[in-house]
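Peer 1: If it helps, the file is called work-v3.tsv and holds TSV, C-alpha atoms:
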chain	number	residue	atom	x	y	z
X	1	MET	CA	0.00	0.00	0.00
X	2	LEU	CA	1.33	3.39	-1.03
X	3	ASP	CA	1.73	6.21	1.45
X	4	VAL	CA	-1.68	7.91	1.76
X	5	ALA	CA	-0.48	11.38	0.74
X	6	VAL	CA	1.39	9.97	-2.27
X	7	ALA	CA	-1.62	7.88	-3.35
X	8	TYR	CA	-3.94	10.87	-2.91
X	9	ASN	CA	-1.90	13.08	-5.20
X	10	ARG	CA	-0.76	10.47	-7.72
X	11	TYR	CA	-4.23	9.09	-8.38
X	12	LYS	CA	-6.44	12.14	-8.02
X	13	PHE	CA	-6.80	12.11	-11.81
X	14	ILE	CA	-9.04	9.02	-11.42
X	15	GLY	CA	-11.61	11.12	-9.54
X	16	ASN	CA	-11.36	13.93	-12.09
X	17	GLU	CA	-11.88	11.48	-14.94
X	18	PHE	CA	-14.86	10.05	-13.06
X	19	LEU	CA	-16.49	13.50	-12.85
X	20	THR	CA	-15.77	14.14	-16.54
X	21	TRP	CA	-17.34	10.78	-17.46
X	22	LEU	CA	-20.28	11.63	-15.20
X	23	TRP	CA	-20.96	14.86	-17.08
X	24	PHE	CA	-20.67	12.99	-20.40
X	25	THR	CA	-23.14	10.33	-19.17
X	26	ILE	CA	-25.63	12.92	-17.83
X	27	ASP	CA	-25.51	14.65	-21.19
X	28	THR	CA	-25.63	11.66	-23.53
X	29	ASN	CA	-27.18	8.70	-21.71
X	30	PRO	CA	-29.27	9.81	-18.69
X	31	ARG	CA	-31.22	6.54	-18.77
X	32	PHE	CA	-28.03	4.76	-17.69
X	33	PHE	CA	-28.56	5.93	-14.10
X	34	LYS	CA	-31.62	3.66	-13.80
X	35	SER	CA	-29.25	0.70	-13.94
X	36	VAL	CA	-27.48	1.99	-10.81
X	37	ASP	CA	-30.55	3.26	-8.92
X	38	GLU	CA	-33.86	1.99	-10.26
X	39	SER	CA	-35.92	4.58	-8.37
X	40	ILE	CA	-33.91	7.55	-9.64
X	41	THR	CA	-35.87	10.22	-11.48
X	42	SER	CA	-32.88	12.26	-12.66
X	43	LEU	CA	-29.29	13.22	-12.04
X	44	ASN	CA	-28.33	16.62	-13.39
X	45	ILE	CA	-25.54	19.15	-13.21
X	46	GLY	CA	-26.42	21.74	-10.56
X	47	ASN	CA	-25.22	25.30	-10.34
X	48	ARG	CA	-21.46	24.87	-10.45
X	49	ILE	CA	-18.80	23.04	-12.39
X	50	VAL	CA	-15.04	23.58	-12.15
X	51	LEU	CA	-12.53	22.39	-14.74
X	52	GLU	CA	-8.75	22.34	-14.73
X	53	ASN	CA	-6.43	22.32	-17.67
X	54	SER	CA	-2.96	21.30	-16.58
X	55	ILE	CA	-1.55	20.44	-19.99
X	56	ASN	CA	1.92	21.84	-20.76
X	57	ASP	CA	2.94	22.28	-17.09
X	58	ALA	CA	0.58	25.21	-16.57
X	59	SER	CA	-2.66	25.07	-14.66
X	60	GLU	CA	-5.77	26.94	-15.72
X	61	ILE	CA	-8.97	26.81	-13.65
X	62	ILE	CA	-12.33	27.44	-15.30
X	63	THR	CA	-15.35	27.90	-13.04
X	64	ILE	CA	-18.90	28.01	-14.39
X	65	LYS	CA	-21.56	28.92	-11.85
X	66	GLY	CA	-25.13	30.13	-11.76
X	67	ASP	CA	-28.50	28.39	-11.78
X	68	ASP	CA	-29.01	28.77	-15.53
X	69	ALA	CA	-25.40	28.92	-16.63
X	70	GLY	CA	-24.63	27.43	-20.04
X	71	LEU	CA	-21.96	24.78	-20.14
X	72	GLU	CA	-20.53	25.67	-23.58
X	73	GLU	CA	-17.42	27.21	-21.98
X	74	GLY	CA	-16.91	23.96	-20.12
X	75	LEU	CA	-17.07	21.93	-23.32
X	76	LEU	CA	-14.63	24.35	-24.90
X	77	SER	CA	-12.25	23.77	-22.01
X	78	LEU	CA	-12.60	20.00	-22.42
X	79	ARG	CA	-11.68	20.46	-26.09
X	80	LYS	CA	-8.51	22.23	-24.95
X	81	GLY	CA	-7.61	19.31	-22.67
X	82	ALA	CA	-9.26	20.18	-19.34
X	83	VAL	CA	-10.98	17.74	-16.98
X	84	VAL	CA	-13.75	18.30	-14.45
X	85	ILE	CA	-12.34	18.72	-10.93
X	86	GLU	CA	-15.53	19.72	-9.10
X	87	ILE	CA	-19.20	19.30	-9.90
X	88	ASN	CA	-22.47	20.28	-8.24
X	89	LEU	CA	-25.23	17.72	-8.75
X	90	SER	CA	-28.97	17.56	-8.33
X	91	TYR	CA	-30.27	14.06	-7.63
X	92	ILE	CA	-34.02	13.52	-7.75
X	93	LYS	CA	-35.84	10.38	-6.73
X	94	GLU	CA	-39.39	9.75	-5.49
X	95	ASN	CA	-40.20	13.49	-5.72
X	96	GLN	CA	-37.36	14.39	-3.38
X	97	GLU	CA	-34.17	16.25	-4.21
X	98	TRP	CA	-30.59	15.97	-2.96
X	99	LYS	CA	-28.03	18.63	-3.92
X	100	PHE	CA	-24.31	18.31	-3.36
X	101	THR	CA	-20.86	19.11	-4.67
X	102	LEU	CA	-18.21	16.48	-5.31
X	103	LYS	CA	-14.49	17.16	-5.61
X	104	GLY	CA	-12.67	14.86	-7.99
X	105	GLU	CA	-9.49	14.50	-5.95
X	106	SER	CA	-11.23	13.39	-2.75
X	107	LEU	CA	-14.79	12.45	-3.76
X	108	SER	CA	-15.84	14.11	-0.52
X	109	PHE	CA	-19.25	15.77	-0.28
X	110	SER	CA	-19.75	19.44	0.39
X	111	GLY	CA	-22.88	21.58	0.43
X	112	LEU	CA	-24.97	18.42	0.78
X	113	LYS	CA	-28.63	19.34	1.14
X	114	VAL	CA	-31.14	16.55	1.64
X	115	PRO	CA	-34.95	16.58	1.44
X	116	GLU	CA	-36.55	18.43	4.33
X	117	THR	CA	-37.05	16.56	7.59
X	118	GLY	CA	-39.56	17.24	10.40
X	119	PRO	CA	-39.06	19.74	13.25
X	120	VAL	CA	-37.14	18.88	16.40
X	121	ASP	CA	-38.89	19.64	19.70
X	122	THR	CA	-37.75	17.00	22.17
X	123	LYS	CA	-34.63	14.92	22.82
X	124	GLU	CA	-36.39	11.90	21.29
X	125	ASP	CA	-37.02	14.00	18.17
X	126	ILE	CA	-33.27	14.58	17.86
X	127	GLU	CA	-32.54	10.86	17.83
X	128	GLY	CA	-35.24	10.30	15.24
X	129	MET	CA	-33.89	13.19	13.18
X	130	VAL	CA	-30.33	11.78	13.29
X	131	LEU	CA	-31.60	8.43	12.00
X	132	GLU	CA	-33.66	10.11	9.29
X	133	ARG	CA	-30.73	12.30	8.24
X	134	ALA	CA	-28.38	9.29	8.23
X	135	TYR	CA	-30.82	7.47	5.97
X	136	LEU	CA	-30.99	10.45	3.59
X	137	TYR	CA	-27.19	10.99	3.53
X	138	GLU	CA	-26.76	7.32	2.78
X	139	LYS	CA	-28.88	7.66	-0.37
X	140	ALA	CA	-26.51	10.26	-1.86
X	141	ILE	CA	-23.39	8.41	-0.68
X	142	ASP	CA	-24.64	5.08	-2.05
X	143	LEU	CA	-25.40	6.67	-5.41
X	144	VAL	CA	-21.92	8.19	-5.72
X	145	ASN	CA	-20.17	5.04	-4.47
X	146	SER	CA	-22.15	2.87	-6.92
X	147	LEU	CA	-21.43	5.19	-9.83
X	148	PHE	CA	-17.74	5.30	-8.91
X	149	ASN	CA	-17.60	1.50	-8.66
X	150	PHE	CA	-19.22	1.24	-12.09
X	151	PHE	CA	-16.71	3.75	-13.45
X	152	LEU	CA	-13.75	1.83	-11.97
X	153	LYS	CA	-14.94	-1.39	-13.65
X	154	LEU	CA	-15.28	0.46	-16.94
X	155	ARG	CA	-11.97	2.29	-16.54
X	156	SER	CA	-10.07	-0.95	-15.94
X	157	SER	CA	-11.71	-2.75	-18.88
X	158	VAL	CA	-10.70	-2.71	-22.55
X	159	GLN	CA	-14.03	-1.01	-23.26
X	160	TRP	CA	-12.66	2.24	-21.80
X	161	ASN	CA	-10.05	2.71	-24.54
X	162	GLN	CA	-11.96	1.02	-27.32
X	163	THR	CA	-15.46	2.48	-26.90
X	164	THR	CA	-15.81	5.04	-24.11
X	165	ILE	CA	-12.91	7.38	-24.91
X	166	PRO	CA	-13.88	7.66	-28.62
X	167	LYS	CA	-17.49	8.44	-27.56
X	168	ILE	CA	-16.34	11.10	-25.05
X	169	LYS	CA	-14.07	12.64	-27.70
X	170	LYS	CA	-16.96	12.74	-30.15
X	171	TRP	CA	-19.21	14.38	-27.52
X	172	ILE	CA	-16.57	16.99	-26.72
X	173	GLN	CA	-16.10	17.85	-30.40
X	174	ALA	CA	-19.83	17.92	-31.24
H	1	MET	CA	-20.95	21.95	10.83
H	2	GLY	CA	-22.86	18.96	12.05
H	3	ILE	CA	-25.21	16.14	11.25
H	4	LEU	CA	-28.30	18.30	11.68
H	5	SER	CA	-27.07	21.37	9.74
H	6	SER	CA	-29.01	22.36	6.66
H	7	SER	CA	-25.94	22.01	4.44
H	8	ILE	CA	-23.19	19.57	5.36
H	9	SER	CA	-19.83	18.17	4.28
H	10	ILE	CA	-18.90	14.52	4.56
H	11	THR	CA	-15.58	12.72	4.37
H	12	GLN	CA	-16.00	8.96	4.21
H	13	TYR	CA	-13.77	6.61	6.21
H	14	ARG	CA	-13.30	2.87	6.46
H	15	VAL	CA	-12.56	1.51	9.95
H	16	GLU	CA	-9.96	-1.27	10.06
H	17	GLY	CA	-9.98	-3.70	12.98
H	18	LYS	CA	-12.40	-4.82	15.65
H	19	LEU	CA	-12.94	-3.72	19.24
H	20	GLN	CA	-12.88	-5.97	22.26
H	21	GLU	CA	-16.34	-7.11	23.42
H	22	PRO	CA	-18.47	-5.59	24.88
H	23	ILE	CA	-18.18	-2.96	22.15
H	24	LEU	CA	-20.30	-0.31	23.83
H	25	GLU	CA	-18.07	-0.42	26.88
H	26	ALA	CA	-14.89	-0.25	24.79
H	27	ILE	CA	-16.13	2.82	22.95
H	28	GLY	CA	-17.35	4.49	26.16
H	29	LYS	CA	-13.93	3.89	27.71
H	30	GLY	CA	-12.12	5.40	24.70
H	31	LEU	CA	-14.41	8.43	24.70
H	32	LYS	CA	-13.99	9.10	28.42
H	33	LYS	CA	-10.22	8.63	28.34
H	34	HIS	CA	-9.85	11.11	25.47
H	35	ALA	CA	-12.68	13.52	26.29
H	36	VAL	CA	-11.82	17.13	25.56
H	37	GLU	CA	-10.40	19.05	28.50
H	38	GLU	CA	-11.33	22.62	29.33
H	39	ILE	CA	-8.40	24.98	28.83
H	40	ASP	CA	-10.03	28.28	29.77
H	41	ASN	CA	-7.99	29.75	32.65
H	42	GLU	CA	-5.18	27.34	31.73
H	43	SER	CA	-1.95	28.14	29.94
H	44	SER	CA	-2.50	25.56	27.14
H	45	ASP	CA	-3.38	27.05	23.78
H	46	LYS	CA	-5.07	23.98	22.22
H	47	ALA	CA	-7.17	21.01	23.33
H	48	ILE	CA	-8.56	18.19	21.20
H	49	GLY	CA	-10.89	15.48	22.38
H	50	TRP	CA	-14.28	13.84	22.25
H	51	THR	CA	-17.50	15.40	23.38
H	52	CYS	CA	-21.20	14.54	23.32
H	53	PHE	CA	-23.17	14.94	20.14
H	54	ASN	CA	-25.65	17.82	20.35
H	55	ASP	CA	-24.36	18.71	23.83
H	56	PRO	CA	-20.78	19.60	22.95
H	57	PHE	CA	-19.92	21.41	26.18
H	58	ILE	CA	-20.69	18.37	28.30
H	59	THR	CA	-18.43	15.35	28.27
H	60	ASP	CA	-20.60	13.11	30.43
H	61	PHE	CA	-21.24	10.26	28.00
H	62	ASN	CA	-23.51	8.54	30.55
H	63	ARG	CA	-25.90	11.49	30.53
H	64	SER	CA	-25.81	11.90	26.78
H	65	PRO	CA	-25.66	8.44	25.17
H	66	PHE	CA	-23.61	7.97	22.03
H	67	LEU	CA	-25.62	5.07	20.57
H	68	ILE	CA	-28.44	6.12	18.26
H	69	GLY	CA	-30.15	3.25	16.47
H	70	THR	CA	-27.28	1.15	15.19
H	71	HIS	CA	-24.91	4.12	14.88
H	72	PHE	CA	-22.35	5.52	17.26
H	73	VAL	CA	-22.72	9.28	17.16
H	74	PHE	CA	-20.38	11.68	18.94
H	75	SER	CA	-18.27	14.74	18.22
H	76	MET	CA	-14.67	15.85	18.16
H	77	ARG	CA	-14.02	19.26	19.68
H	78	ILE	CA	-10.97	21.37	18.97
H	79	ASP	CA	-10.54	24.29	21.37
H	80	LYS	CA	-7.95	26.79	20.26
H	81	LYS	CA	-6.74	30.10	21.61
H	82	SER	CA	-5.48	32.49	19.04
H	83	ILE	CA	-3.64	35.56	20.22
H	84	PRO	CA	-3.00	38.14	17.49
H	85	PRO	CA	0.79	38.38	16.85
H	86	LYS	CA	0.69	42.15	17.38
H	87	VAL	CA	-0.72	41.67	20.88
H	88	VAL	CA	2.10	39.24	21.68
H	89	GLN	CA	4.63	41.71	20.24
H	90	LYS	CA	3.22	44.61	22.29
H	91	HIS	CA	3.32	42.75	25.61
H	92	THR	CA	6.75	41.26	24.88
H	93	THR	CA	8.20	44.70	24.09
H	94	LEU	CA	6.73	46.19	27.27
H	95	GLU	CA	8.02	43.29	29.35
H	96	MET	CA	11.52	43.62	27.81
H	97	LYS	CA	11.60	47.35	28.60
H	98	LYS	CA	10.66	46.65	32.21
H	99	ARG	CA	13.37	44.03	32.49
H	100	LEU	CA	16.02	46.41	31.04
H	101	GLU	CA	15.01	49.23	33.38
H	102	LYS	CA	15.07	46.93	36.36
H	103	SER	CA	18.48	45.47	35.52
H	104	GLY	CA	20.05	48.74	34.33
H	105	ARG	CA	21.48	46.95	31.30
H	106	ASP	CA	21.35	48.02	27.60
H	107	PHE	CA	20.52	44.67	26.05
H	108	LEU	CA	18.99	41.26	26.72
H	109	SER	CA	20.39	37.92	25.65
H	110	ASN	CA	18.46	35.70	23.23
H	111	THR	CA	17.68	33.32	26.07
H	112	GLU	CA	16.20	36.16	28.13
H	113	LYS	CA	14.13	37.37	25.15
H	114	LYS	CA	12.77	33.86	24.61
H	115	GLU	CA	12.02	33.51	28.31
H	116	ILE	CA	10.08	36.79	28.28
H	117	LYS	CA	8.10	35.78	25.17
H	118	ASP	CA	7.21	32.41	26.71
H	119	HIS	CA	6.10	34.16	29.89
H	120	VAL	CA	3.97	36.63	27.91
H	121	LEU	CA	2.33	33.78	25.97
H	122	HIS	CA	1.69	31.92	29.22
H	123	VAL	CA	0.03	34.95	30.83
H	124	LEU	CA	-2.02	35.81	27.73
H	125	ASN	CA	-3.18	32.21	27.32
H	126	LEU	CA	-4.45	32.27	30.90
H	127	ARG	CA	-6.55	35.35	30.08
H	128	ILE	CA	-7.90	34.42	26.66
H	129	PRO	CA	-10.82	31.98	26.28
H	130	ALA	CA	-10.50	29.19	23.75
H	131	THR	CA	-12.64	29.13	20.59
H	132	PRO	CA	-14.38	25.76	20.21
H	133	ASN	CA	-14.89	24.02	16.87
H	134	ILE	CA	-17.16	21.00	16.85
H	135	TYR	CA	-17.18	18.23	14.26
H	136	ASP	CA	-19.75	15.43	14.39
H	137	LEU	CA	-19.19	11.87	13.28
H	138	LEU	CA	-21.40	8.89	12.67
H	139	TRP	CA	-19.86	5.44	12.95
H	140	ASN	CA	-21.56	2.32	11.67
H	141	TYR	CA	-19.60	-0.39	13.45
H	142	GLU	CA	-21.14	-3.32	11.58
H	143	SER	CA	-20.31	-1.98	8.14
H	144	ASN	CA	-16.90	-0.58	9.20
H	145	THR	CA	-17.86	2.82	7.86
H	146	LEU	CA	-17.55	6.23	9.45
H	147	TRP	CA	-18.75	9.58	8.17
H	148	PHE	CA	-16.94	12.63	9.42
H	149	PHE	CA	-18.89	15.81	8.94
H	150	SER	CA	-16.07	18.04	7.72
H	151	ASN	CA	-13.70	18.18	4.77
H	152	LEU	CA	-11.17	20.42	6.52
H	153	LYS	CA	-7.69	18.93	6.18
H	154	ASP	CA	-6.58	19.78	9.73
H	155	ALA	CA	-9.79	18.48	11.31
H	156	ASN	CA	-9.54	15.22	9.34
H	157	GLU	CA	-5.92	14.73	10.37
H	158	GLU	CA	-6.73	15.40	14.04
H	159	LEU	CA	-9.63	12.93	13.81
H	160	GLU	CA	-7.41	10.17	12.42
H	161	THR	CA	-4.88	10.62	15.25
H	162	LEU	CA	-7.47	10.92	18.03
H	163	PHE	CA	-9.50	7.94	16.78
H	164	SER	CA	-6.46	5.70	16.60
H	165	LYS	CA	-5.32	6.76	20.12
H	166	SER	CA	-8.80	6.25	21.60
H	167	PHE	CA	-9.91	2.96	20.07
H	168	LYS	CA	-6.67	1.40	18.72
H	169	LEU	CA	-8.38	1.11	15.32
H	170	LYS	CA	-7.14	2.50	12.02
H	171	LEU	CA	-9.18	4.98	10.04
H	172	ILE	CA	-8.66	4.90	6.30
H	173	ARG	CA	-9.77	8.05	4.55
H	174	LEU	CA	-11.69	7.20	1.40
H	175	PHE	CA	-10.65	9.00	-1.78
H	176	PRO	CA	-10.39	7.63	-5.33
H	177	TYR	CA	-7.35	5.41	-4.77
H	178	THR	CA	-8.39	4.02	-1.36
H	179	MET	CA	-11.97	3.52	-2.57
H	180	ALA	CA	-10.64	1.47	-5.48
H	181	THR	CA	-8.35	-0.52	-3.19
H	182	PHE	CA	-10.51	-1.04	-0.10
H	183	THR	CA	-14.20	-0.67	-0.90
H	184	SER	CA	-14.72	-1.39	-4.60
H	185	PRO	CA	-15.87	-4.80	-5.83
H	186	LEU	CA	-12.90	-4.99	-8.25
H	187	SER	CA	-10.95	-8.21	-8.60
H	188	ASP	CA	-7.30	-8.31	-7.45
H	189	MET	CA	-6.22	-8.13	-11.09
H	190	GLU	CA	-8.33	-5.04	-11.69
H	191	LYS	CA	-6.96	-3.44	-8.52
H	192	ASP	CA	-3.43	-4.09	-9.75
H	193	ALA	CA	-4.35	-2.48	-13.07
H	194	ILE	CA	-5.46	0.68	-11.25
H	195	SER	CA	-2.02	1.29	-9.84
H	196	LYS	CA	-0.77	1.31	-13.44
H	197	PHE	CA	-3.36	3.79	-14.70
H	198	ILE	CA	-2.12	6.86	-16.48
H	199	PRO	CA	-4.28	9.95	-17.08
H	200	THR	CA	-6.61	9.80	-20.09
H	201	ARG	CA	-6.40	12.53	-22.72
H	202	PHE	CA	-9.93	13.33	-23.81
H	203	MET	CA	-8.98	15.89	-26.43
H	204	GLU	CA	-8.12	14.96	-30.01
Could you express the structure from this file as structure tokens?
Peer 2:
Amino acid sequence: MLDVAVAYNRYKFIGNEFLTWLWFTIDTNPRFFKSVDESITSLNIGNRIVLENSINDASEIITIKGDDAGLEEGLLSLRKGAVVIEINLSYIKENQEWKFTLKGESLSFSGLKVPETGPVDTKEDIEGMVLERAYLYEKAIDLVNSLFNFFLKLRSSVQWNQTTIPKIKKWIQA
Amino acid sequence: MGILSSSISITQYRVEGKLQEPILEAIGKGLKKHAVEEIDNESSDKAIGWTCFNDPFITDFNRSPFLIGTHFVFSMRIDKKSIPPKVVQKHTTLEMKKRLEKSGRDFLSNTEKKEIKDHVLHVLNLRIPATPNIYDLLWNYESNTLWFFSNLKDANEELETLFSKSFKLKLIRLFPYTMATFTSPLSDMEKDAISKFIPTRFME
């Protein structure tokens, strides 16, 4: 096992590629998500996406934010060699919405907002609320972990080079 | 930022190892042994330890149980005193002047200067209250998973150290490489392939 700090830095590109693939999948094959979570209604890009282009030893960060922001600049950056390093997502299932931001290098969650839960008045309410919140957090975590596991399988298969990369390149150039 | 906040951060961990039975007792023991200590009116400038979830200024784990459903829920508290450098400089300069006047000398040795600065820090730390920062965690013992409700690097590092000291268990932070190695359903061959991955170029 590699040193944790070394592994974190050396392989953070895997997380960035995952987020790039995720955007590609949201845009080109949204029905795919049903195979990971059968009760999902939709998974969409939220109000923020950050890309990094570190080709030629220089790093350029492109941030697109805003509720109705167009993603054309992001696609342009991908064309120039950038990858997604941070993405805000909206996950809807059973008429409820989860919103969160994922960072490629860590796949940690930030700004996670879950469907509203009831008010807390007594100590017993707090325990119930913790359990309810844990259940709701788990939904978002399970989705991301399942998608990442699917991506890892794909990334380590021959299909990645033979089929997926050509499709992503075509999508970027379209 | 905690479990019940409207917007939260989560860092996922995998817990390696098992506790001695009875588990509840082992965790309670670890929590009590490493409960956060009050440093107000003390000369220490930092304290890190466990505290009760939703009652972070009480460390009586009997009064505030840490088992909720099948989860262990408690918090890490970091109390820190921060004295602005200019305040330290002001009091050190005044103290040095006093010392020079008293001794009738023109200069102080480096050792004396350091001694005065240490004394000033000691006195200021006694007077300044610590600022508490509270970070919740939720530990599912059966599934060996732990969610820490912060992404701050320092807080995560302190958690890893404190957890290991308290329970003699290793916390593995989950990020792309460790997720692939420890929690993914990949075969050993596929895991080996991951360590040989090189970045993909998506552009033409």
Peer 1: Provide as a list in words the residues of chain X at most 6 Å from chain H, counting all atoms listed in the file.
Peer 2: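 Within 6 Å of chain H on chain X, we get Gly15, Arg79, Gly81, Ser106, Leu107, Ser108, Phe109, Ser110, Gly111, Leu112, Lys113, Asn149 and Lys169 of chain X.
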Peer 1: Have a look at X:Phe100, X:Val130, X:Glu105, X:Leu78 and name the one nearest to Arg10 (chain X); count only C-alpha atoms.
Peer 2: X:Glu105
Peer 1: If we count only C-alpha atoms, what is near region 30-40 of chain X at a cut-off of 8 Å, once residues fewer than 6 positions away on the same chain are taken out, given as a ChimeraX atom specification?
Peer 2: /X:91-94,143,146-147
Peer 1: Write to file, as a PDB file, keeping the file's coordinate frame, the residues of the selection just made, with C-alpha atoms.
Peer 2:
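Heads up, here's the output in result10.pdb:
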ATOM      1  CA  TYR X  91     -30.270  14.060  -7.630  1.00  0.00           C
ATOM      2  CA  ILE X  92     -34.020  13.520  -7.750  1.00  0.00           C
ATOM      3  CA  LYS X  93     -35.840  10.380  -6.730  1.00  0.00           C
ATOM      4  CA  GLU X  94     -39.390   9.750  -5.490  1.00  0.00           C
ATOM      5  CA  LEU X 143     -25.400   6.670  -5.410  1.00  0.00           C
ATOM      6  CA  SER X 146     -22.150   2.870  -6.920  1.00  0.00           C
ATOM      7  CA  LEU X 147     -21.430   5.190  -9.830  1.00  0.00           C
TER       8      LEU X 147
END
Peer 1: Report, in Å to a single decimal, how far apart CA of Glu160 (chain H) and CA of Leu121 (chain H) are.
Peer 2: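 We find that CA of Leu121 (chain H) and CA of Glu160 (chain H) lie 28.9 Å from each other.
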Peer 1: What separation in Å, quoted to one decimal, exists between CA of Gly49 (chain H) and CA of Val123 (chain H)?
Peer 2: 23.9 Å
Peer 1: What is the CA of Phe72 (chain H)-CA of Ala155 (chain H) distance in Å, reported with one decimal?
Peer 2: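 The value is 19.0 Å.
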Peer 1: Between X:Leu43, X:Val114, X:Leu75, X:Ala134, which is the closest to Ser90 (chain X) once you count only C-alpha atoms?
Peer 2: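 Looking only at the distances to Ser90 (chain X), the closest residue turns out to be X:Leu43.
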Peer 1: With only C-alpha atoms as the atoms that count, which of H:Asn140, H:Asn156, H:Ser64, H:Asn133 lies nearest to Asp79 (chain H)?
Peer 2: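 Using only C-alpha atoms, Asp79 (chain H) sits closest to H:Asn133.
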Peer 1: May I ask which of the residues H:Asp106, H:Ile39, H:Lys81, H:Gly28 is the closest one to Asp60 (chain H), counting all atoms listed in the file?
Peer 2: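 Of H:Asp106, H:Ile39, H:Lys81, H:Gly28, the one nearest Asp60 (chain H), counting all atoms listed in the file, is H:Gly28.
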